[in-house]
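> File upload18.pdb below, PDB, C-alpha atoms:
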ATOM      1  CA  MET A 558      89.235  95.303 116.147
ATOM      2  CA  ARG A 559      90.367  91.851 115.069
ATOM      3  CA  SER A 560      88.397  89.190 113.271
ATOM      4  CA  PRO A 561      87.077  86.250 115.345
ATOM      5  CA  ARG A 562      88.551  82.794 115.716
ATOM      6  CA  ALA A 563      86.844  81.262 112.698
ATOM      7  CA  ARG A 564      87.738  78.206 110.685
ATOM      8  CA  VAL A 565      87.304  80.079 107.400
ATOM      9  CA  VAL A 566      87.879  83.790 106.814
ATOM     10  CA  CYS A 567      86.666  85.544 103.646
ATOM     11  CA  VAL A 568      87.888  89.066 102.864
ATOM     12  CA  GLY A 569      86.386  91.431 100.296
ATOM     13  CA  GLU A 570      83.739  94.013  99.451
ATOM     14  CA  THR A 571      79.996  93.511  99.772
ATOM     15  CA  MET A 572      77.593  96.073  98.323
ATOM     16  CA  ALA A 573      73.963  96.997  98.308
ATOM     17  CA  GLN A 574      72.312  95.410  95.271
ATOM     18  CA  VAL A 575      69.404  96.935  93.360
ATOM     19  CA  THR A 576      67.376  94.638  91.090
ATOM     20  CA  PRO A 577      64.154  95.154  89.064
ATOM     21  CA  VAL A 578      61.363  93.192  90.703
ATOM     22  CA  ASP A 579      59.491  92.451  87.461
ATOM     23  CA  GLY A 580      62.463  91.234  85.434
ATOM     24  CA  GLU A 581      62.301  94.276  83.178
ATOM     25  CA  GLY A 582      65.381  96.352  82.432
ATOM     26  CA  LEU A 583      66.243  99.300  84.622
ATOM     27  CA  GLU A 584      64.960 101.754  82.006
ATOM     28  CA  ARG A 585      61.395 100.374  82.165
ATOM     29  CA  SER A 586      60.962  98.663  85.510
ATOM     30  CA  ARG A 587      58.565 100.369  87.931
ATOM     31  CA  ALA A 588      59.684  98.505  91.051
ATOM     32  CA  LEU A 589      63.163  97.817  92.397
ATOM     33  CA  ARG A 590      64.292  95.485  95.174
ATOM     34  CA  LEU A 591      67.173  96.212  97.545
ATOM     35  CA  ALA A 592      69.383  93.319  98.627
ATOM     36  CA  VAL A 593      73.071  92.748  99.364
ATOM     37  CA  ALA A 594      75.723  90.844  97.427
ATOM     38  CA  GLY A 595      79.465  90.339  97.363
ATOM     39  CA  ALA A 596      81.567  87.413  96.221
ATOM     40  CA  GLU A 597      83.450  86.792  99.451
ATOM     41  CA  SER A 598      80.539  87.271 101.857
ATOM     42  CA  THR A 599      78.392  85.048  99.638
ATOM     43  CA  VAL A 600      80.974  82.278  99.955
ATOM     44  CA  ALA A 601      81.042  82.833 103.721
ATOM     45  CA  GLN A 602      77.247  82.519 103.939
ATOM     46  CA  TYR A 603      77.234  79.264 101.977
ATOM     47  CA  LEU A 604      80.038  77.846 104.104
ATOM     48  CA  ALA A 605      78.116  78.755 107.266
ATOM     49  CA  ASP A 606      75.084  76.977 105.778
ATOM     50  CA  LEU A 607      77.287  73.913 105.274
ATOM     51  CA  GLY A 608      78.208  73.926 108.959
ATOM     52  CA  HIS A 609      81.584  75.681 108.895
ATOM     53  CA  ARG A 610      82.584  78.525 111.200
ATOM     54  CA  ALA A 611      82.958  81.398 108.772
ATOM     55  CA  ALA A 612      83.908  85.043 109.174
ATOM     56  CA  TRP A 613      83.738  87.906 106.714
ATOM     57  CA  VAL A 614      86.163  90.840 107.001
ATOM     58  CA  SER A 615      85.683  94.120 105.142
ATOM     59  CA  ARG A 616      84.742  97.799 105.444
ATOM     60  CA  VAL A 617      81.353  99.402 104.913
ATOM     61  CA  GLY A 618      80.129 102.996 105.092
ATOM     62  CA  ASP A 619      78.349 104.461 108.078
ATOM     63  CA  ASP A 620      75.093 104.530 106.146
ATOM     64  CA  PRO A 621      71.864 102.521 105.818
ATOM     65  CA  PHE A 622      73.394 100.386 103.048
ATOM     66  CA  GLY A 623      76.345  99.404 105.204
ATOM     67  CA  ARG A 624      74.145  98.519 108.159
ATOM     68  CA  ARG A 625      71.880  96.497 105.902
ATOM     69  CA  VAL A 626      74.851  94.618 104.460
ATOM     70  CA  VAL A 627      76.273  93.695 107.862
ATOM     71  CA  THR A 628      72.887  92.659 109.254
ATOM     72  CA  ALA A 629      72.103  90.468 106.239
ATOM     73  CA  VAL A 630      75.415  88.620 106.282
ATOM     74  CA  ALA A 631      75.312  88.147 110.055
ATOM     75  CA  SER A 632      71.790  86.727 109.854
ATOM     76  CA  ARG A 633      73.191  83.693 108.001
ATOM     77  CA  GLY A 634      75.492  82.788 110.886
ATOM     78  CA  VAL A 635      78.620  84.527 109.567
ATOM     79  CA  ASP A 636      80.823  86.320 112.102
ATOM     80  CA  VAL A 637      81.032  89.980 111.049
ATOM     81  CA  SER A 638      83.006  91.377 113.989
ATOM     82  CA  GLY A 639      85.908  91.976 111.600
ATOM     83  CA  VAL A 640      83.876  94.445 109.527
ATOM     84  CA  LEU A 641      84.941  98.060 110.060
ATOM     85  CA  THR A 642      82.485 100.949 109.654
ATOM     86  CA  ASP A 643      84.075 103.925 107.878
ATOM     87  CA  PRO A 644      82.333 107.249 108.664
ATOM     88  CA  ALA A 645      84.085 109.019 105.782
ATOM     89  CA  ALA A 646      83.295 106.749 102.816
ATOM     90  CA  PRO A 647      80.093 105.190 101.432
ATOM     91  CA  THR A 648      79.040 101.596 100.989
ATOM     92  CA  GLY A 649      79.249 100.503  97.354
ATOM     93  CA  VAL A 650      76.083  99.914  95.319
ATOM     94  CA  TYR A 651      75.473  97.966  92.136
ATOM     95  CA  PHE A 652      72.510  97.541  89.825
ATOM     96  CA  LYS A 653      71.440  94.430  87.919
ATOM     97  CA  ASP A 654      69.946  95.200  84.522
ATOM     98  CA  PRO A 655      68.223  92.144  83.006
ATOM     99  CA  GLY A 656      67.680  92.008  79.252
ATOM    100  CA  PRO A 657      67.208  89.618  76.300
ATOM    101  CA  ALA A 658      70.982  89.150  75.962
ATOM    102  CA  GLY A 659      71.444  88.454  79.666
ATOM    103  CA  THR A 660      71.924  90.510  82.808
ATOM    104  CA  ARG A 661      74.319  93.444  82.799
ATOM    105  CA  VAL A 662      75.762  94.790  86.023
ATOM    106  CA  HIS A 663      76.445  98.467  86.725
ATOM    107  CA  TYR A 664      78.821  99.224  89.602
ATOM    108  CA  TYR A 665      78.919 102.377  91.731
ATOM    109  CA  ARG A 666      81.785 101.455  94.026
ATOM    110  CA  ALA A 667      84.580 103.943  93.210
ATOM    111  CA  GLY A 668      85.734 105.498  96.485
ATOM    112  CA  SER A 669      83.691 103.052  98.543
ATOM    113  CA  ALA A 670      84.734 102.192 102.091
ATOM    114  CA  ALA A 671      85.943  98.748 101.012
ATOM    115  CA  SER A 672      87.963 100.140  98.111
ATOM    116  CA  LEU A 673      89.957 102.189 100.642
ATOM    117  CA  MET A 674      91.245  99.081 102.412
ATOM    118  CA  GLY A 675      95.009  98.575 102.395
ATOM    119  CA  PRO A 676      97.733  96.359 103.809
ATOM    120  CA  GLY A 677      97.108  97.770 107.279
ATOM    121  CA  ASP A 678      93.722  96.036 107.270
ATOM    122  CA  ALA A 679      95.550  92.704 107.227
ATOM    123  CA  ASP A 680      96.257  93.280 110.924
ATOM    124  CA  ARG A 681      92.520  92.968 111.582
ATOM    125  CA  VAL A 682      92.486  89.416 110.195
ATOM    126  CA  ASP A 683      93.357  86.952 112.942
ATOM    127  CA  LEU A 684      94.548  83.761 111.241
ATOM    128  CA  ALA A 685      95.282  81.871 114.453
ATOM    129  CA  GLY A 686      93.506  78.534 114.139
ATOM    130  CA  VAL A 687      92.054  79.457 110.747
ATOM    131  CA  ARG A 688      92.018  76.574 108.294
ATOM    132  CA  LEU A 689      91.240  78.535 105.109
ATOM    133  CA  LEU A 690      91.542  82.126 103.904
ATOM    134  CA  HIS A 691      89.359  82.869 100.874
ATOM    135  CA  LEU A 692      90.177  85.730  98.508
ATOM    136  CA  THR A 693      89.111  86.718  95.004
ATOM    137  CA  GLY A 694      90.462  88.684  92.080
ATOM    138  CA  ILE A 695      87.825  91.348  92.654
ATOM    139  CA  THR A 696      89.599  92.838  95.659
ATOM    140  CA  PRO A 697      92.940  93.673  93.967
ATOM    141  CA  ALA A 698      90.987  95.353  91.153
ATOM    142  CA  LEU A 699      89.406  97.881  93.519
ATOM    143  CA  SER A 700      92.532  99.907  94.284
ATOM    144  CA  GLU A 701      96.285  99.694  94.740
ATOM    145  CA  GLY A 702      95.679  99.513  98.472
ATOM    146  CA  CYS A 703      93.349  96.542  98.040
ATOM    147  CA  ALA A 704      95.901  94.829  95.811
ATOM    148  CA  ALA A 705      98.537  95.335  98.513
ATOM    149  CA  LEU A 706      96.098  93.983 101.101
ATOM    150  CA  THR A 707      95.572  90.828  99.042
ATOM    151  CA  ARG A 708      99.305  90.191  98.793
ATOM    152  CA  ALA A 709      99.824  90.926 102.491
ATOM    153  CA  LEU A 710      97.101  88.462 103.468
ATOM    154  CA  MET A 711      98.616  85.761 101.289
ATOM    155  CA  GLU A 712     102.013  86.313 102.895
ATOM    156  CA  ARG A 713     100.555  86.176 106.393
ATOM    157  CA  ALA A 714      98.658  83.010 105.542
ATOM    158  CA  ALA A 715     101.823  81.354 104.264
ATOM    159  CA  ASP A 716     103.618  82.271 107.491
ATOM    160  CA  SER A 717     100.802  80.898 109.656
ATOM    161  CA  GLY A 718     100.225  77.692 107.706
ATOM    162  CA  THR A 719      96.721  78.743 106.635
ATOM    163  CA  LEU A 720      95.494  77.466 103.274
ATOM    164  CA  VAL A 721      94.652  80.169 100.734
ATOM    165  CA  SER A 722      91.900  79.742  98.166
ATOM    166  CA  PHE A 723      91.825  82.273  95.326
ATOM    167  CA  ASP A 724      88.925  82.649  92.909
ATOM    168  CA  VAL A 725      90.180  84.585  89.871
ATOM    169  CA  ASN A 726      86.718  86.148  89.431
ATOM    170  CA  HIS A 727      87.761  88.473  86.613
ATOM    171  CA  ARG A 728      85.608  91.617  86.428
ATOM    172  CA  PRO A 729      86.653  93.450  83.214
ATOM    173  CA  ALA A 730      84.872  96.663  84.226
ATOM    174  CA  LEU A 731      87.174  97.013  87.241
ATOM    175  CA  TRP A 732      90.458  96.669  85.346
ATOM    176  CA  GLY A 733      92.140  99.053  82.936
ATOM    177  CA  SER A 734      92.994  96.263  80.516
ATOM    178  CA  SER A 735      92.953  92.493  80.237
ATOM    179  CA  ALA A 736      96.749  92.514  79.972
ATOM    180  CA  HIS A 737      97.112  94.280  83.322
ATOM    181  CA  ALA A 738      94.496  92.075  84.937
ATOM    182  CA  GLY A 739      96.121  88.955  83.514
ATOM    183  CA  ALA A 740      99.530  89.789  84.968
ATOM    184  CA  VAL A 741      98.214  90.626  88.442
ATOM    185  CA  LEU A 742      95.805  87.694  88.651
ATOM    186  CA  CYS A 743      98.393  85.223  87.376
ATOM    187  CA  ASP A 744     100.821  86.321  90.087
ATOM    188  CA  LEU A 745      98.203  86.004  92.818
ATOM    189  CA  ALA A 746      96.979  82.628  91.560
ATOM    190  CA  ARG A 747     100.507  81.260  91.770
ATOM    191  CA  ARG A 748     100.638  82.197  95.470
ATOM    192  CA  ALA A 749      97.459  80.278  96.390
ATOM    193  CA  ASP A 750      96.943  76.701  97.572
ATOM    194  CA  VAL A 751      93.620  76.348  95.737
ATOM    195  CA  VAL A 752      92.851  78.320  92.561
ATOM    196  CA  LEU A 753      89.420  78.522  90.927
ATOM    197  CA  VAL A 754      89.068  79.992  87.445
ATOM    198  CA  GLY A 755      86.627  79.865  84.542
ATOM    199  CA  ARG A 756      87.885  78.483  81.252
ATOM    200  CA  ASP A 757      86.516  81.583  79.545
ATOM    201  CA  GLU A 758      88.326  83.804  82.039
ATOM    202  CA  GLY A 759      91.581  82.036  81.252
ATOM    203  CA  GLU A 760      91.100  82.549  77.535
ATOM    204  CA  THR A 761      90.438  86.270  78.047
ATOM    205  CA  LEU A 762      93.268  86.848  80.492
ATOM    206  CA  TRP A 763      96.023  84.591  79.187
ATOM    207  CA  GLY A 764      94.952  83.341  75.756
ATOM    208  CA  THR A 765      94.528  79.823  77.155
ATOM    209  CA  PRO A 766      91.552  78.134  75.440
ATOM    210  CA  THR A 767      91.618  74.818  77.348
ATOM    211  CA  ALA A 768      91.835  73.745  80.980
ATOM    212  CA  GLU A 769      95.198  72.133  80.284
ATOM    213  CA  ASP A 770      96.456  75.387  78.760
ATOM    214  CA  ILE A 771      95.434  77.270  81.906
ATOM    215  CA  ARG A 772      97.231  74.699  84.052
ATOM    216  CA  ASP A 773     100.387  75.049  81.966
ATOM    217  CA  ARG A 774     100.214  78.856  81.977
ATOM    218  CA  LEU A 775      99.632  79.266  85.695
ATOM    219  CA  ALA A 776     101.769  76.354  86.882
ATOM    220  CA  PRO A 777     100.171  76.843  90.310
ATOM    221  CA  ARG A 778     101.868  75.551  93.419
ATOM    222  CA  GLY A 779      98.591  74.078  94.615
ATOM    223  CA  THR A 780      95.349  72.621  93.316
ATOM    224  CA  LEU A 781      93.726  74.173  90.237
ATOM    225  CA  VAL A 782      89.995  73.997  89.464
ATOM    226  CA  VAL A 783      88.899  75.076  85.987
ATOM    227  CA  LYS A 784      85.165  75.647  85.467
ATOM    228  CA  ASP A 785      83.666  75.441  82.001
ATOM    229  CA  GLY A 786      80.080  76.615  82.404
ATOM    230  CA  SER A 787      77.463  74.043  81.442
ATOM    231  CA  VAL A 788      80.170  71.567  80.385
ATOM    232  CA  GLY A 789      81.655  70.821  83.804
ATOM    233  CA  ALA A 790      84.729  71.396  85.928
ATOM    234  CA  VAL A 791      88.125  69.744  86.252
ATOM    235  CA  GLU A 792      90.468  69.629  89.226
ATOM    236  CA  PHE A 793      94.210  69.322  88.661
ATOM    237  CA  PRO A 794      96.434  68.274  91.572
ATOM    238  CA  ALA A 795      99.422  70.289  92.729
ATOM    239  CA  SER A 796     101.658  67.975  90.700
ATOM    240  CA  GLY A 797     100.011  69.292  87.513
ATOM    241  CA  ALA A 798      99.338  65.751  86.322
ATOM    242  CA  GLY A 799      96.019  64.330  85.106
ATOM    243  CA  GLY A 800      92.808  65.797  86.480
ATOM    244  CA  VAL A 801      89.384  64.753  87.694
ATOM    245  CA  PHE A 802      86.477  65.960  85.577
ATOM    246  CA  VAL A 803      82.834  66.113  86.712
ATOM    247  CA  ALA A 804      80.175  67.161  84.217
ATOM    248  CA  ALA A 805      77.757  69.916  85.170
ATOM    249  CA  PRO A 806      74.141  68.817  85.638
ATOM    250  CA  VAL A 807      71.557  70.120  83.186
ATOM    251  CA  VAL A 808      69.937  73.254  84.617
ATOM    252  CA  ASP A 809      67.210  75.562  83.333
ATOM    253  CA  VAL A 810      69.125  78.809  83.792
ATOM    254  CA  VAL A 811      67.226  81.838  85.064
ATOM    255  CA  GLU A 812      70.296  83.993  85.738
ATOM    256  CA  ALA A 813      74.021  83.225  85.914
ATOM    257  CA  VAL A 814      75.100  85.950  88.346
ATOM    258  CA  GLY A 815      76.403  84.427  91.578
ATOM    259  CA  ALA A 816      76.834  80.863  90.299
ATOM    260  CA  GLY A 817      80.621  81.041  90.425
ATOM    261  CA  ASP A 818      80.615  82.017  94.097
ATOM    262  CA  ALA A 819      78.179  79.212  94.892
ATOM    263  CA  PHE A 820      80.436  76.728  93.101
ATOM    264  CA  ALA A 821      83.469  77.985  95.028
ATOM    265  CA  ALA A 822      81.637  77.617  98.330
ATOM    266  CA  GLY A 823      80.441  74.104  97.534
ATOM    267  CA  TYR A 824      83.892  73.013  96.447
ATOM    268  CA  LEU A 825      85.606  74.561  99.480
ATOM    269  CA  GLY A 826      82.995  73.264 101.895
ATOM    270  CA  ALA A 827      83.528  69.732 100.634
ATOM    271  CA  LEU A 828      87.291  70.224 100.817
ATOM    272  CA  LEU A 829      87.022  71.228 104.466
ATOM    273  CA  ASP A 830      84.884  68.144 105.090
ATOM    274  CA  GLY A 831      87.645  65.920 103.711
ATOM    275  CA  ALA A 832      85.710  64.860 100.606
ATOM    276  CA  ALA A 833      87.417  63.406  97.530
ATOM    277  CA  ALA A 834      87.897  65.362  94.314
ATOM    278  CA  ARG A 835      84.702  64.142  92.622
ATOM    279  CA  GLU A 836      82.606  65.030  95.661
ATOM    280  CA  ARG A 837      84.188  68.463  95.873
ATOM    281  CA  LEU A 838      83.361  69.230  92.250
ATOM    282  CA  ALA A 839      79.897  67.691  92.508
ATOM    283  CA  LEU A 840      78.936  69.834  95.511
ATOM    284  CA  GLY A 841      80.218  72.891  93.672
ATOM    285  CA  HIS A 842      77.931  72.042  90.756
ATOM    286  CA  ARG A 843      74.935  71.439  93.056
ATOM    287  CA  LEU A 844      75.216  74.797  94.775
ATOM    288  CA  ALA A 845      75.866  76.589  91.493
ATOM    289  CA  GLY A 846      72.797  74.910  90.016
ATOM    290  CA  ARG A 847      70.617  76.260  92.817
ATOM    291  CA  THR A 848      71.822  79.780  92.056
ATOM    292  CA  LEU A 849      71.402  79.375  88.295
ATOM    293  CA  ARG A 850      67.724  78.552  88.823
ATOM    294  CA  SER A 851      67.164  81.788  90.762
ATOM    295  CA  VAL A 852      67.525  85.538  90.322
ATOM    296  CA  GLU A 853      69.222  85.624  93.736
ATOM    297  CA  ASP A 854      73.014  85.653  94.102
ATOM    298  CA  TYR A 855      72.686  83.571  97.264
ATOM    299  CA  VAL A 856      70.197  80.722  97.688
ATOM    300  CA  PRO A 857      70.299  79.114 101.166
ATOM    301  CA  VAL A 858      71.632  75.560 101.269
ATOM    302  CA  GLU A 859      69.312  72.686 102.122
ATOM    303  CA  GLU A 860      70.178  69.577 104.146
ATOM    304  CA  GLU A 861      70.459  67.453 101.003
ATOM    305  CA  ASP A 862      73.426  69.544  99.869
ATOM    306  CA  HIS A 863      75.634  68.726 102.849
ATOM    307  CA  VAL A 864      78.597  66.396 102.404
ATOM    308  CA  PRO A 865      78.352  63.364 104.702
ATOM    309  CA  GLY A 866      81.439  61.958 106.430
ATOM    310  CA  GLY A 867      84.953  62.650 105.276
ATOM    311  CA  GLU A 868      88.120  63.250 107.216
ATOM    312  CA  GLU A 869      88.352  66.822 108.449
ATOM    313  CA  GLY A 870      91.342  68.715 107.191
ATOM    314  CA  HIS A 871      92.050  66.619 104.080
ATOM    315  CA  VAL A 872      94.009  68.562 101.484
ATOM    316  CA  PRO A 873      93.395  67.818  97.792
ATOM    317  CA  GLY A 874      96.111  66.486  95.577
ATOM    318  CA  GLY A 875      96.378  62.791  96.395
ATOM    319  CA  GLU A 876      97.087  60.827  93.221
ATOM    320  CA  GLU A 877      94.323  58.368  94.058
ATOM    321  CA  ASP A 878      91.803  61.135  93.444
ATOM    322  CA  HIS A 879      92.945  61.766  89.869
ATOM    323  CA  VAL A 880      92.873  60.187  86.450
ATOM    324  CA  PRO A 881      94.709  61.150  83.272
ATOM    325  CA  ALA A 882      93.077  63.994  81.340
ATOM    326  CA  GLY A 883      92.218  61.689  78.448
ATOM    327  CA  GLU A 884      90.176  59.384  80.684
ATOM    328  CA  ARG A 885      87.658  61.833  82.082
ATOM    329  CA  ASP A 886      84.027  60.853  82.125
TER     330      ASP A 886
END
Could you take the file, read its structure, and then write that structure out as structure tokens?

Amino acid sequence: MRSPRARVVCVGETMAQVTPVDGEGLERSRALRLAVAGAESTVAQYLADLGHRAAWVSRVGDDPFGRRVVTAVASRGVDVSGVLTDPAAPTGVYFKDPGPAGTRVHYYRAGSAASLMGPGDADRVDLAGVRLLHLTGITPALSEGCAALTRALMERAADSGTLVSFDVNHRPALWGSSAHAGAVLCDLARRADVVLVGRDEGETLWGTPTAEDIRDRLAPRGTLVVKDGSVGAVEFPASGAGGVFVAAPVVDVVEAVGAGDAFAAGYLGALLDGAAARERLALGHRLAGRTLRSVEDYVPVEEEDHVPGGEEGHVPGGEEDHVPAGERD
């Protein structure tokens, strides 16, 4: 089975998600809610909401969780024909555990169907006519096979002229050490056309405390977007020169889980619509803000969040979009 002719293809694991209904921790809650969540499929759902043809490619188990995952993602208009059902491995599950210090996440995904993906799965991803391939740093952390799949997809995208966006999305619990994660994620980021990374992630992975330090460390071939939580986000062009900074709006945060994926989707959706750098960052902030105000990882987009106009297919990096780092507002 091959993935459909979509304009955007997102590849990665989606799991069943278990969350306390009453906001209590898992130890005390009397009621749990079952949903689905995964970084790449969440981005695909947001992009479909924004009017883009999006596909999600992965593996799930031949179990109720896998069927629920596929049905939920498909219901948002995402093409799921590239999702393979594995009768010999389960669908991953994770639990959200809210508490006074924030929400902790407990993963049960070792040996999951998606973690068994490998470079051979790249053959199921049809990049003909695809404008953007979206990947994250979660996938290469799942297994050696998944790491090889990520590299294979990037190579195929380069050969086909498809843009690659890569969200570093560092998950410490999935890596043996920050040093190992830093080396792998740095290499993958340097292969991408658009890289998204949190300033705090950069500091953990590479000892880079500022956005400019991350830019200098990665020296990406393409556009770099550094997110700094409630402060804002900056986009650096492929030239590595001055960047565009857009402050994050003030938000009453309910839960932070999922905000990074929402930001990525908003930014990429605006990019595909041909919007300028400030509009790309602003839409990322708007979608992230919607998620921050909710306990849900995915909050459907409303009409007001769409980007009007723009020239389809515009690629970021034009000098007119950027100002020197010292002149950000």
> Hey, what comes out of the PyMOL selection byres ((chain A and resi 707) around 12) on this file? Could you write it as a count of residues only?
44
> Under the rule that all atoms listed in the file are counted, which of A:Phe652, A:Gln602, A:Thr767, A:Ala611 is the nearest residue to A:Leu589?
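Looking at the shortest contact to A:Leu589, the residue is A:Phe652.
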> For the atom pair atom CA of A:Glu859 and atom CA of A:Arg843, what is the interatomic distance in Å to one decimal place?
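Computed distance, atom CA of A:Glu859 to atom CA of A:Arg843, equals 10.7 Å.
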> Enumerate, as a list of chain:residue names, the protein, DNA and RNA residues whose atoms approach (96.5, 75.9, 100.8) to within 8 Å, taking into account all atoms listed in the file and the coordinate frame of the file.
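Looking at atoms near the point gives A:Leu689, A:Thr719, A:Leu720, A:Val721, A:Ser722, A:Ala749, A:Asp750, A:Val751, A:Gly779, A:Val872.
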> What does the structure give for the distance between atom CA of A:Arg666 and atom CA of A:Val617, in Å to one decimal?
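Distance reported for this atom pair: 11.1 Å.
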> Counting only C-alpha atoms, what is within 9 Å of A:Ser735, bar same-chain residues fewer than 5 positions away, as a PyMOL selection string?
chain A and resi 729+740+761-763
